[in-house]
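Coordinates as given in entry-v8.cif (mmCIF, N, CA and C atoms):
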```
data_data
loop_
_atom_site.label_atom_id
_atom_site.label_comp_id
_atom_site.auth_asym_id
_atom_site.auth_seq_id
_atom_site.Cartn_x
_atom_site.Cartn_y
_atom_site.Cartn_z
N MET H 1 -1.67 -11.31 -5.33
CA MET H 1 -2.25 -10.98 -4.03
C MET H 1 -1.72 -9.64 -3.58
N SER H 2 -2.50 -8.62 -3.75
CA SER H 2 -2.05 -7.29 -3.32
C SER H 2 -2.90 -6.83 -2.14
N MET H 3 -2.27 -6.02 -1.33
CA MET H 3 -2.96 -5.49 -0.15
C MET H 3 -2.23 -4.27 0.35
N ILE H 4 -2.87 -3.59 1.25
CA ILE H 4 -2.23 -2.46 1.91
C ILE H 4 -2.05 -2.84 3.38
N LEU H 5 -0.79 -2.92 3.78
CA LEU H 5 -0.46 -3.24 5.16
C LEU H 5 -0.36 -1.94 5.94
N LYS H 6 -1.01 -1.89 7.10
CA LYS H 6 -1.00 -0.68 7.92
C LYS H 6 -0.49 -1.00 9.31
N SER H 7 0.30 -0.08 9.85
CA SER H 7 0.82 -0.28 11.20
C SER H 7 -0.30 -0.16 12.22
N GLU H 8 -0.09 -0.81 13.33
CA GLU H 8 -1.06 -0.73 14.42
C GLU H 8 -1.05 0.66 15.04
N LYS H 9 0.14 1.26 15.13
CA LYS H 9 0.27 2.60 15.70
C LYS H 9 -0.25 3.63 14.71
N ARG H 10 -0.94 4.63 15.25
CA ARG H 10 -1.53 5.65 14.41
C ARG H 10 -1.14 7.03 14.91
N PHE H 11 -1.26 8.00 14.03
CA PHE H 11 -1.00 9.39 14.40
C PHE H 11 -2.17 9.91 15.22
N TYR H 12 -1.85 10.51 16.37
CA TYR H 12 -2.90 11.09 17.20
C TYR H 12 -2.94 12.59 16.95
N ASP H 13 -4.06 13.07 16.45
CA ASP H 13 -4.25 14.49 16.15
C ASP H 13 -4.74 15.18 17.43
N GLU H 14 -3.87 16.01 17.99
CA GLU H 14 -4.20 16.73 19.24
C GLU H 14 -5.38 17.68 19.06
N LYS H 15 -5.46 18.30 17.91
CA LYS H 15 -6.56 19.26 17.67
C LYS H 15 -7.90 18.56 17.63
N GLU H 16 -7.95 17.46 16.92
CA GLU H 16 -9.22 16.73 16.77
C GLU H 16 -9.42 15.70 17.87
N LYS H 17 -8.40 15.49 18.67
CA LYS H 17 -8.46 14.53 19.78
C LYS H 17 -8.88 13.13 19.30
N LYS H 18 -8.23 12.70 18.22
CA LYS H 18 -8.51 11.35 17.74
C LYS H 18 -7.33 10.81 16.94
N TYR H 19 -7.30 9.48 16.88
CA TYR H 19 -6.28 8.81 16.10
C TYR H 19 -6.68 8.84 14.64
N LYS H 20 -5.66 9.10 13.80
CA LYS H 20 -5.92 9.19 12.37
C LYS H 20 -5.13 8.13 11.62
N GLN H 21 -4.41 8.54 10.60
CA GLN H 21 -3.72 7.60 9.72
C GLN H 21 -2.64 6.81 10.45
N PRO H 22 -2.37 5.61 9.93
CA PRO H 22 -1.30 4.79 10.51
C PRO H 22 0.06 5.48 10.35
N LEU H 23 0.98 5.19 11.25
CA LEU H 23 2.31 5.78 11.16
C LEU H 23 3.09 5.21 9.99
N CYS H 24 2.73 4.00 9.58
CA CYS H 24 3.40 3.37 8.44
C CYS H 24 2.36 2.58 7.65
N GLU H 25 2.48 2.67 6.33
CA GLU H 25 1.56 1.96 5.45
C GLU H 25 2.36 1.49 4.23
N PHE H 26 2.07 0.27 3.80
CA PHE H 26 2.79 -0.27 2.64
C PHE H 26 1.79 -0.84 1.65
N ASP H 27 1.77 -0.25 0.46
CA ASP H 27 0.93 -0.70 -0.64
C ASP H 27 1.73 -1.75 -1.41
N THR H 28 1.34 -3.02 -1.24
CA THR H 28 2.13 -4.11 -1.81
C THR H 28 2.00 -4.23 -3.32
N GLU H 29 0.97 -3.64 -3.88
CA GLU H 29 0.80 -3.69 -5.35
C GLU H 29 1.64 -2.63 -6.04
N ASN H 30 1.57 -1.42 -5.53
CA ASN H 30 2.30 -0.31 -6.14
C ASN H 30 3.68 -0.09 -5.53
N LEU H 31 4.00 -0.86 -4.50
CA LEU H 31 5.29 -0.81 -3.81
C LEU H 31 5.59 0.58 -3.28
N ILE H 32 4.61 1.15 -2.60
CA ILE H 32 4.75 2.49 -2.03
C ILE H 32 4.67 2.40 -0.51
N VAL H 33 5.67 2.97 0.15
CA VAL H 33 5.70 3.04 1.60
C VAL H 33 5.36 4.46 2.00
N THR H 34 4.36 4.60 2.86
CA THR H 34 3.98 5.91 3.38
C THR H 34 4.29 5.93 4.87
N ASP H 35 5.16 6.85 5.27
CA ASP H 35 5.50 7.03 6.68
C ASP H 35 4.92 8.35 7.15
N THR H 36 4.32 8.32 8.33
CA THR H 36 3.72 9.51 8.91
C THR H 36 4.48 9.89 10.17
N ASP H 37 4.87 11.15 10.26
CA ASP H 37 5.58 11.65 11.43
C ASP H 37 4.63 11.65 12.62
N SER H 38 5.04 11.01 13.70
CA SER H 38 4.15 10.85 14.86
C SER H 38 3.87 12.16 15.58
N SER H 39 4.71 13.17 15.40
CA SER H 39 4.47 14.44 16.10
C SER H 39 3.75 15.48 15.22
N THR H 40 3.96 15.43 13.91
CA THR H 40 3.35 16.45 13.06
C THR H 40 2.22 15.92 12.18
N GLY H 41 2.23 14.62 11.92
CA GLY H 41 1.23 14.04 11.03
C GLY H 41 1.58 14.17 9.57
N ALA H 42 2.74 14.77 9.29
CA ALA H 42 3.18 14.91 7.90
C ALA H 42 3.58 13.55 7.34
N SER H 43 3.16 13.27 6.12
CA SER H 43 3.45 11.98 5.50
C SER H 43 4.46 12.13 4.37
N THR H 44 5.29 11.10 4.23
CA THR H 44 6.22 11.02 3.12
C THR H 44 6.01 9.67 2.44
N GLN H 45 6.14 9.68 1.13
CA GLN H 45 5.99 8.44 0.36
C GLN H 45 7.27 8.12 -0.37
N ASN H 46 7.60 6.84 -0.37
CA ASN H 46 8.75 6.33 -1.11
C ASN H 46 8.29 5.10 -1.87
N SER H 47 8.79 4.96 -3.08
CA SER H 47 8.37 3.81 -3.87
C SER H 47 9.59 3.04 -4.37
N PHE H 48 9.33 1.80 -4.74
CA PHE H 48 10.36 0.92 -5.27
C PHE H 48 9.97 0.50 -6.67
N VAL H 49 10.96 0.40 -7.54
CA VAL H 49 10.69 -0.02 -8.91
C VAL H 49 11.59 -1.17 -9.37
N SER H 50 12.58 -1.53 -8.57
CA SER H 50 13.53 -2.54 -9.02
C SER H 50 12.88 -3.91 -9.16
N VAL H 51 13.45 -4.71 -10.03
CA VAL H 51 12.97 -6.07 -10.24
C VAL H 51 13.08 -6.87 -8.95
N TYR H 52 14.05 -6.55 -8.12
CA TYR H 52 14.25 -7.30 -6.90
C TYR H 52 13.07 -7.13 -5.94
N ILE H 53 12.64 -5.92 -5.73
CA ILE H 53 11.53 -5.68 -4.81
C ILE H 53 10.21 -6.11 -5.45
N ARG H 54 10.06 -5.89 -6.74
CA ARG H 54 8.83 -6.33 -7.43
C ARG H 54 8.65 -7.85 -7.35
N ARG H 55 9.73 -8.59 -7.33
CA ARG H 55 9.62 -10.05 -7.24
C ARG H 55 9.61 -10.52 -5.79
N TYR H 56 10.24 -9.77 -4.91
CA TYR H 56 10.34 -10.16 -3.49
C TYR H 56 8.99 -10.06 -2.78
N ILE H 57 8.26 -8.99 -3.02
CA ILE H 57 7.01 -8.76 -2.28
C ILE H 57 5.98 -9.86 -2.52
N PRO H 58 5.65 -10.24 -3.76
CA PRO H 58 4.70 -11.35 -3.94
C PRO H 58 5.19 -12.65 -3.29
N TYR H 59 6.49 -12.88 -3.37
CA TYR H 59 7.10 -14.05 -2.75
C TYR H 59 6.84 -14.04 -1.23
N MET H 60 7.09 -12.89 -0.60
CA MET H 60 6.90 -12.78 0.85
C MET H 60 5.42 -12.80 1.24
N LEU H 61 4.57 -12.21 0.43
CA LEU H 61 3.13 -12.23 0.73
C LEU H 61 2.61 -13.66 0.74
N GLU H 62 3.19 -14.48 -0.11
CA GLU H 62 2.76 -15.87 -0.16
C GLU H 62 3.37 -16.71 0.96
N ARG H 63 4.65 -16.46 1.26
CA ARG H 63 5.37 -17.33 2.19
C ARG H 63 5.44 -16.82 3.63
N ASN H 64 5.52 -15.50 3.80
CA ASN H 64 5.70 -14.96 5.15
C ASN H 64 5.10 -13.56 5.28
N PRO H 65 3.78 -13.43 5.11
CA PRO H 65 3.18 -12.11 5.20
C PRO H 65 3.29 -11.49 6.60
N ASP H 66 3.43 -12.33 7.62
CA ASP H 66 3.56 -11.81 8.98
C ASP H 66 4.83 -11.00 9.16
N LYS H 67 5.90 -11.41 8.47
CA LYS H 67 7.16 -10.66 8.56
C LYS H 67 6.98 -9.26 7.97
N LEU H 68 6.30 -9.19 6.84
CA LEU H 68 6.05 -7.87 6.24
C LEU H 68 5.21 -7.01 7.17
N GLN H 69 4.17 -7.60 7.76
CA GLN H 69 3.31 -6.84 8.67
C GLN H 69 4.10 -6.37 9.89
N GLU H 70 4.99 -7.21 10.39
CA GLU H 70 5.81 -6.83 11.54
C GLU H 70 6.72 -5.65 11.20
N LEU H 71 7.32 -5.69 10.01
CA LEU H 71 8.18 -4.58 9.57
C LEU H 71 7.37 -3.29 9.43
N VAL H 72 6.15 -3.40 8.96
CA VAL H 72 5.28 -2.22 8.85
C VAL H 72 4.93 -1.72 10.25
N ASN H 73 4.56 -2.61 11.15
CA ASN H 73 4.22 -2.23 12.52
C ASN H 73 5.37 -1.51 13.21
N GLN H 74 6.59 -1.94 12.92
CA GLN H 74 7.78 -1.32 13.52
C GLN H 74 8.22 -0.07 12.78
N GLY H 75 7.58 0.23 11.64
CA GLY H 75 7.97 1.38 10.84
C GLY H 75 9.29 1.18 10.13
N GLU H 76 9.68 -0.07 9.90
CA GLU H 76 10.98 -0.38 9.32
C GLU H 76 10.91 -0.97 7.92
N ILE H 77 9.73 -1.02 7.32
CA ILE H 77 9.60 -1.67 6.01
C ILE H 77 10.43 -0.96 4.94
N TYR H 78 10.42 0.37 4.95
CA TYR H 78 11.17 1.10 3.92
C TYR H 78 12.67 0.83 4.05
N SER H 79 13.22 0.96 5.25
CA SER H 79 14.66 0.75 5.41
C SER H 79 15.04 -0.70 5.12
N TYR H 80 14.18 -1.64 5.48
CA TYR H 80 14.43 -3.05 5.21
C TYR H 80 14.50 -3.31 3.70
N LEU H 81 13.50 -2.81 2.97
CA LEU H 81 13.46 -3.02 1.52
C LEU H 81 14.59 -2.28 0.83
N LEU H 82 14.92 -1.10 1.30
CA LEU H 82 16.02 -0.33 0.72
C LEU H 82 17.34 -1.06 0.89
N LYS H 83 17.58 -1.62 2.07
CA LYS H 83 18.81 -2.39 2.31
C LYS H 83 18.85 -3.63 1.42
N LEU H 84 17.72 -4.31 1.31
CA LEU H 84 17.64 -5.50 0.46
C LEU H 84 17.93 -5.14 -1.00
N GLU H 85 17.30 -4.07 -1.47
CA GLU H 85 17.50 -3.63 -2.85
C GLU H 85 18.95 -3.22 -3.09
N THR H 86 19.53 -2.49 -2.17
CA THR H 86 20.92 -2.05 -2.31
C THR H 86 21.87 -3.23 -2.32
N ARG H 87 21.64 -4.16 -1.43
CA ARG H 87 22.47 -5.36 -1.38
C ARG H 87 22.38 -6.14 -2.68
N ALA H 88 21.19 -6.28 -3.21
CA ALA H 88 20.99 -7.02 -4.45
C ALA H 88 21.64 -6.31 -5.63
N LYS H 89 21.45 -5.00 -5.72
CA LYS H 89 22.04 -4.24 -6.83
C LYS H 89 23.56 -4.25 -6.76
N ASP H 90 24.11 -4.13 -5.55
CA ASP H 90 25.56 -4.18 -5.39
C ASP H 90 26.11 -5.55 -5.81
N ALA H 91 25.43 -6.60 -5.41
CA ALA H 91 25.86 -7.95 -5.79
C ALA H 91 25.77 -8.14 -7.29
N GLU H 92 24.72 -7.60 -7.90
CA GLU H 92 24.57 -7.68 -9.36
C GLU H 92 25.74 -6.98 -10.05
N PHE H 93 26.03 -5.76 -9.62
CA PHE H 93 27.11 -4.99 -10.21
C PHE H 93 28.45 -5.71 -10.06
N ASP H 94 28.72 -6.23 -8.86
CA ASP H 94 29.98 -6.93 -8.61
C ASP H 94 30.12 -8.16 -9.51
N GLN H 95 29.03 -8.91 -9.67
CA GLN H 95 29.07 -10.11 -10.50
C GLN H 95 29.32 -9.75 -11.96
N ILE H 96 28.64 -8.73 -12.44
CA ILE H 96 28.83 -8.30 -13.83
C ILE H 96 30.28 -7.86 -14.05
N GLU H 97 30.82 -7.10 -13.12
CA GLU H 97 32.21 -6.64 -13.24
C GLU H 97 33.18 -7.81 -13.32
N LYS H 98 32.94 -8.85 -12.53
CA LYS H 98 33.81 -10.03 -12.58
C LYS H 98 33.75 -10.68 -13.95
N TRP H 99 32.55 -10.84 -14.46
CA TRP H 99 32.40 -11.45 -15.78
C TRP H 99 33.03 -10.60 -16.88
N LEU H 100 32.83 -9.30 -16.81
CA LEU H 100 33.39 -8.41 -17.84
C LEU H 100 34.92 -8.46 -17.84
N ALA H 101 35.50 -8.58 -16.66
CA ALA H 101 36.96 -8.58 -16.56
C ALA H 101 37.58 -9.87 -17.06
N SER H 102 36.79 -10.94 -17.14
CA SER H 102 37.39 -12.22 -17.51
C SER H 102 36.83 -12.86 -18.77
N ASP H 103 35.77 -12.32 -19.32
CA ASP H 103 35.15 -12.92 -20.50
C ASP H 103 35.95 -12.57 -21.76
N LYS H 104 36.45 -13.58 -22.43
CA LYS H 104 37.30 -13.36 -23.61
C LYS H 104 36.56 -12.65 -24.74
N GLU H 105 35.31 -13.03 -24.94
CA GLU H 105 34.52 -12.41 -26.01
C GLU H 105 34.29 -10.92 -25.72
N TYR H 106 34.01 -10.59 -24.47
CA TYR H 106 33.81 -9.19 -24.10
C TYR H 106 35.12 -8.41 -24.24
N LEU H 107 36.22 -8.98 -23.76
CA LEU H 107 37.51 -8.30 -23.85
C LEU H 107 37.92 -8.06 -25.30
N LEU H 108 37.60 -9.01 -26.18
CA LEU H 108 37.88 -8.84 -27.61
C LEU H 108 37.02 -7.72 -28.19
N ALA H 109 35.75 -7.64 -27.76
CA ALA H 109 34.87 -6.56 -28.23
C ALA H 109 35.39 -5.20 -27.78
N VAL H 110 35.93 -5.14 -26.57
CA VAL H 110 36.53 -3.89 -26.07
C VAL H 110 37.74 -3.54 -26.91
N LYS H 111 38.59 -4.53 -27.15
CA LYS H 111 39.81 -4.31 -27.93
C LYS H 111 39.48 -3.82 -29.34
N ASN H 112 38.43 -4.39 -29.94
CA ASN H 112 38.03 -4.03 -31.30
C ASN H 112 37.09 -2.82 -31.34
N ASP H 113 36.83 -2.25 -30.17
CA ASP H 113 35.93 -1.10 -30.06
C ASP H 113 34.56 -1.40 -30.69
N ASP H 114 34.06 -2.60 -30.42
CA ASP H 114 32.76 -3.06 -30.94
C ASP H 114 31.67 -2.78 -29.91
N PHE H 115 31.11 -1.58 -30.02
CA PHE H 115 30.12 -1.12 -29.05
C PHE H 115 28.90 -2.04 -28.99
N MET H 116 28.40 -2.46 -30.13
CA MET H 116 27.20 -3.30 -30.17
C MET H 116 27.44 -4.64 -29.47
N LYS H 117 28.57 -5.25 -29.70
CA LYS H 117 28.88 -6.54 -29.09
C LYS H 117 29.05 -6.38 -27.58
N ARG H 118 29.72 -5.31 -27.17
CA ARG H 118 29.90 -5.05 -25.74
C ARG H 118 28.54 -4.88 -25.07
N THR H 119 27.67 -4.12 -25.70
CA THR H 119 26.34 -3.88 -25.14
C THR H 119 25.55 -5.18 -25.05
N GLN H 120 25.61 -5.95 -26.11
CA GLN H 120 24.90 -7.25 -26.14
C GLN H 120 25.39 -8.16 -25.00
N LEU H 121 26.68 -8.26 -24.85
CA LEU H 121 27.25 -9.11 -23.80
C LEU H 121 26.93 -8.57 -22.41
N TYR H 122 27.03 -7.26 -22.25
CA TYR H 122 26.71 -6.66 -20.95
C TYR H 122 25.26 -6.97 -20.56
N ASN H 123 24.35 -6.79 -21.50
CA ASN H 123 22.94 -7.07 -21.22
C ASN H 123 22.72 -8.54 -20.85
N ALA H 124 23.40 -9.43 -21.53
CA ALA H 124 23.29 -10.86 -21.22
C ALA H 124 23.83 -11.14 -19.81
N PHE H 125 24.97 -10.53 -19.48
CA PHE H 125 25.53 -10.71 -18.14
C PHE H 125 24.59 -10.15 -17.08
N GLN H 126 23.96 -9.03 -17.39
CA GLN H 126 23.05 -8.40 -16.44
C GLN H 126 21.86 -9.32 -16.14
N GLU H 127 21.29 -9.91 -17.17
CA GLU H 127 20.17 -10.83 -16.97
C GLU H 127 20.59 -12.06 -16.17
N GLN H 128 21.76 -12.60 -16.49
CA GLN H 128 22.26 -13.75 -15.74
C GLN H 128 22.51 -13.39 -14.28
N ALA H 129 23.08 -12.23 -14.05
CA ALA H 129 23.36 -11.79 -12.68
C ALA H 129 22.07 -11.60 -11.90
N ARG H 130 21.06 -11.02 -12.53
CA ARG H 130 19.78 -10.82 -11.84
C ARG H 130 19.17 -12.15 -11.41
N GLU H 131 19.21 -13.12 -12.28
CA GLU H 131 18.65 -14.43 -11.91
C GLU H 131 19.44 -15.06 -10.76
N LEU H 132 20.75 -14.91 -10.81
CA LEU H 132 21.59 -15.41 -9.71
C LEU H 132 21.24 -14.72 -8.40
N ILE H 133 21.11 -13.42 -8.45
CA ILE H 133 20.84 -12.63 -7.24
C ILE H 133 19.45 -12.94 -6.71
N LEU H 134 18.49 -13.06 -7.60
CA LEU H 134 17.13 -13.40 -7.16
C LEU H 134 17.15 -14.73 -6.41
N ASP H 135 17.87 -15.70 -6.94
CA ASP H 135 17.93 -17.01 -6.30
C ASP H 135 18.73 -17.01 -5.00
N SER H 136 19.80 -16.21 -4.93
CA SER H 136 20.69 -16.28 -3.76
C SER H 136 20.41 -15.25 -2.68
N ILE H 137 19.83 -14.12 -3.03
CA ILE H 137 19.59 -13.08 -2.03
C ILE H 137 18.08 -12.89 -1.77
N ILE H 138 17.31 -12.85 -2.81
CA ILE H 138 15.90 -12.51 -2.66
C ILE H 138 15.07 -13.71 -2.20
N PHE H 139 15.21 -14.83 -2.88
CA PHE H 139 14.37 -15.99 -2.58
C PHE H 139 15.05 -16.95 -1.61
N VAL H 140 15.39 -16.44 -0.44
CA VAL H 140 15.98 -17.28 0.61
C VAL H 140 15.14 -17.28 1.85
#
```
Encoded form using structure tokens:
Amino acid sequence: MSMILKSEKRFYDEKEKKYKQPLCEFDTENLIVTDTDSSTGASTQNSFVSVYIRRYIPYMLERNPDKLQELVNQGEIYSYLLKLETRAKDAEFDQIEKWLASDKEYLLAVKNDDFMKRTQLYNAFQEQARELILDSIIFV
């Protein structure tokens, strides 16, 4: 279910004496937030690519689309998603670091300078951490 959410507030063009583009727009399929400056009409676009936001948006569209629309109306969707993404990535990194510091197999691979084994274990920890984070931070 993809859609483009648009804020109720729009840019008013003084020259043309009419309301134009919304001050905030969120393309839920491509994960692009477009913010328009209310005084100049200049637009900036920011996009998200992380697994956390890619999985969060369909979840929210199904369960609570009104919250997403409210964030767009307030012009806060970008900062909200950025904070969510940062929190999730930080939690992922912290969890991986804990596992790396205590996993005997990983520590042995470090001791033996076994790059392939370290990489394999790191990737496995990363996948496990992502699933944990998705369940504990994203899907709440």
Alpha helix (DSSP H) positions in range 14-110 of chain H, given as a PyMOL selection string: chain H and resi 51-63+65-73+77-102+104-110
Explicit residue set for the PyMOL selection byres ((chain H and resi 32-37) around 8), as a PyMOL selection string: chain H and resi 10-12+21-31+38-48+75+77-78
All strand (DSSP E or B) positions in range 20-137 of chain H, as an MDAnalysis selection string: chainID H and resid 20:22 24:27 32:36 43:47
Residues in the PyMOL selection byres (((chain H and resi 53 and name CA) around 9) and name CA), expressed as a list in words: Leu31, Phe48, Val49, Ser50, Val51, Tyr52, Arg54, Arg55, Tyr56, Ile57, Pro58, Leu81, Leu82, Leu84, Glu85 and Ile138 of chain H
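CA of Gln74 in chain H is found 10.4 Å from CA of Lys6 in chain H.
The coordinates place CA of Glu131 in chain H at 18.7 Å from CA of Asp103 in chain H.
The interatomic distance for the pair CA of Lys89 in chain H and CA of Ala129 in chain H works out to 9.6 Å.
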For Trp99 in chain H, the nearest of the candidates H:Phe125, H:Met116, H:Met60, H:Arg87, counting all atoms listed in the file: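 Closest to Trp99 in chain H of all the choices is H:Phe125.
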Tyr122 in chain H surroundings by all atoms listed in the file, 8 Å radius, close-in-sequence under 6 positions cut, as a ChimeraX atom specification: /H:96,100,106,116,128
Please, can range 45-59 of chain H be completed to N, CA, C and O atoms and returned as a compact mmCIF listing (two decimals), keeping the file's coordinate frame?
```
# COMPACT_ATOMS: atom_id res chain seq x y z
N GLN H 45 6.14 9.68 1.13
CA GLN H 45 5.99 8.44 0.36
C GLN H 45 7.27 8.12 -0.37
O GLN H 45 7.94 9.01 -0.90
N ASN H 46 7.60 6.84 -0.37
CA ASN H 46 8.75 6.33 -1.11
C ASN H 46 8.29 5.10 -1.87
O ASN H 46 7.51 4.31 -1.35
N SER H 47 8.79 4.96 -3.08
CA SER H 47 8.37 3.81 -3.87
C SER H 47 9.59 3.04 -4.37
O SER H 47 10.70 3.56 -4.41
N PHE H 48 9.33 1.80 -4.74
CA PHE H 48 10.36 0.92 -5.27
C PHE H 48 9.97 0.50 -6.67
O PHE H 48 8.80 0.26 -6.94
N VAL H 49 10.96 0.40 -7.54
CA VAL H 49 10.69 -0.02 -8.91
C VAL H 49 11.59 -1.17 -9.37
O VAL H 49 11.37 -1.73 -10.43
N SER H 50 12.58 -1.53 -8.57
CA SER H 50 13.53 -2.54 -9.02
C SER H 50 12.88 -3.91 -9.16
O SER H 50 11.91 -4.24 -8.48
N VAL H 51 13.45 -4.71 -10.03
CA VAL H 51 12.97 -6.07 -10.24
C VAL H 51 13.08 -6.87 -8.95
O VAL H 51 12.25 -7.75 -8.69
N TYR H 52 14.05 -6.55 -8.12
CA TYR H 52 14.25 -7.30 -6.90
C TYR H 52 13.07 -7.13 -5.94
O TYR H 52 12.55 -8.12 -5.42
N ILE H 53 12.64 -5.92 -5.73
CA ILE H 53 11.53 -5.68 -4.81
C ILE H 53 10.21 -6.11 -5.45
O ILE H 53 9.35 -6.70 -4.77
N ARG H 54 10.06 -5.89 -6.74
CA ARG H 54 8.83 -6.33 -7.43
C ARG H 54 8.65 -7.85 -7.35
O ARG H 54 7.53 -8.33 -7.29
N ARG H 55 9.73 -8.59 -7.33
CA ARG H 55 9.62 -10.05 -7.24
C ARG H 55 9.61 -10.52 -5.79
O ARG H 55 9.04 -11.57 -5.49
N TYR H 56 10.24 -9.77 -4.91
CA TYR H 56 10.34 -10.16 -3.49
C TYR H 56 8.99 -10.06 -2.78
O TYR H 56 8.63 -10.95 -2.00
N ILE H 57 8.26 -8.99 -3.02
CA ILE H 57 7.01 -8.76 -2.28
C ILE H 57 5.98 -9.86 -2.52
O ILE H 57 5.44 -10.42 -1.55
N PRO H 58 5.65 -10.24 -3.76
CA PRO H 58 4.70 -11.35 -3.94
C PRO H 58 5.19 -12.65 -3.29
O PRO H 58 4.40 -13.40 -2.72
N TYR H 59 6.49 -12.88 -3.37
CA TYR H 59 7.10 -14.05 -2.75
C TYR H 59 6.84 -14.04 -1.23
O TYR H 59 6.42 -15.04 -0.65
```
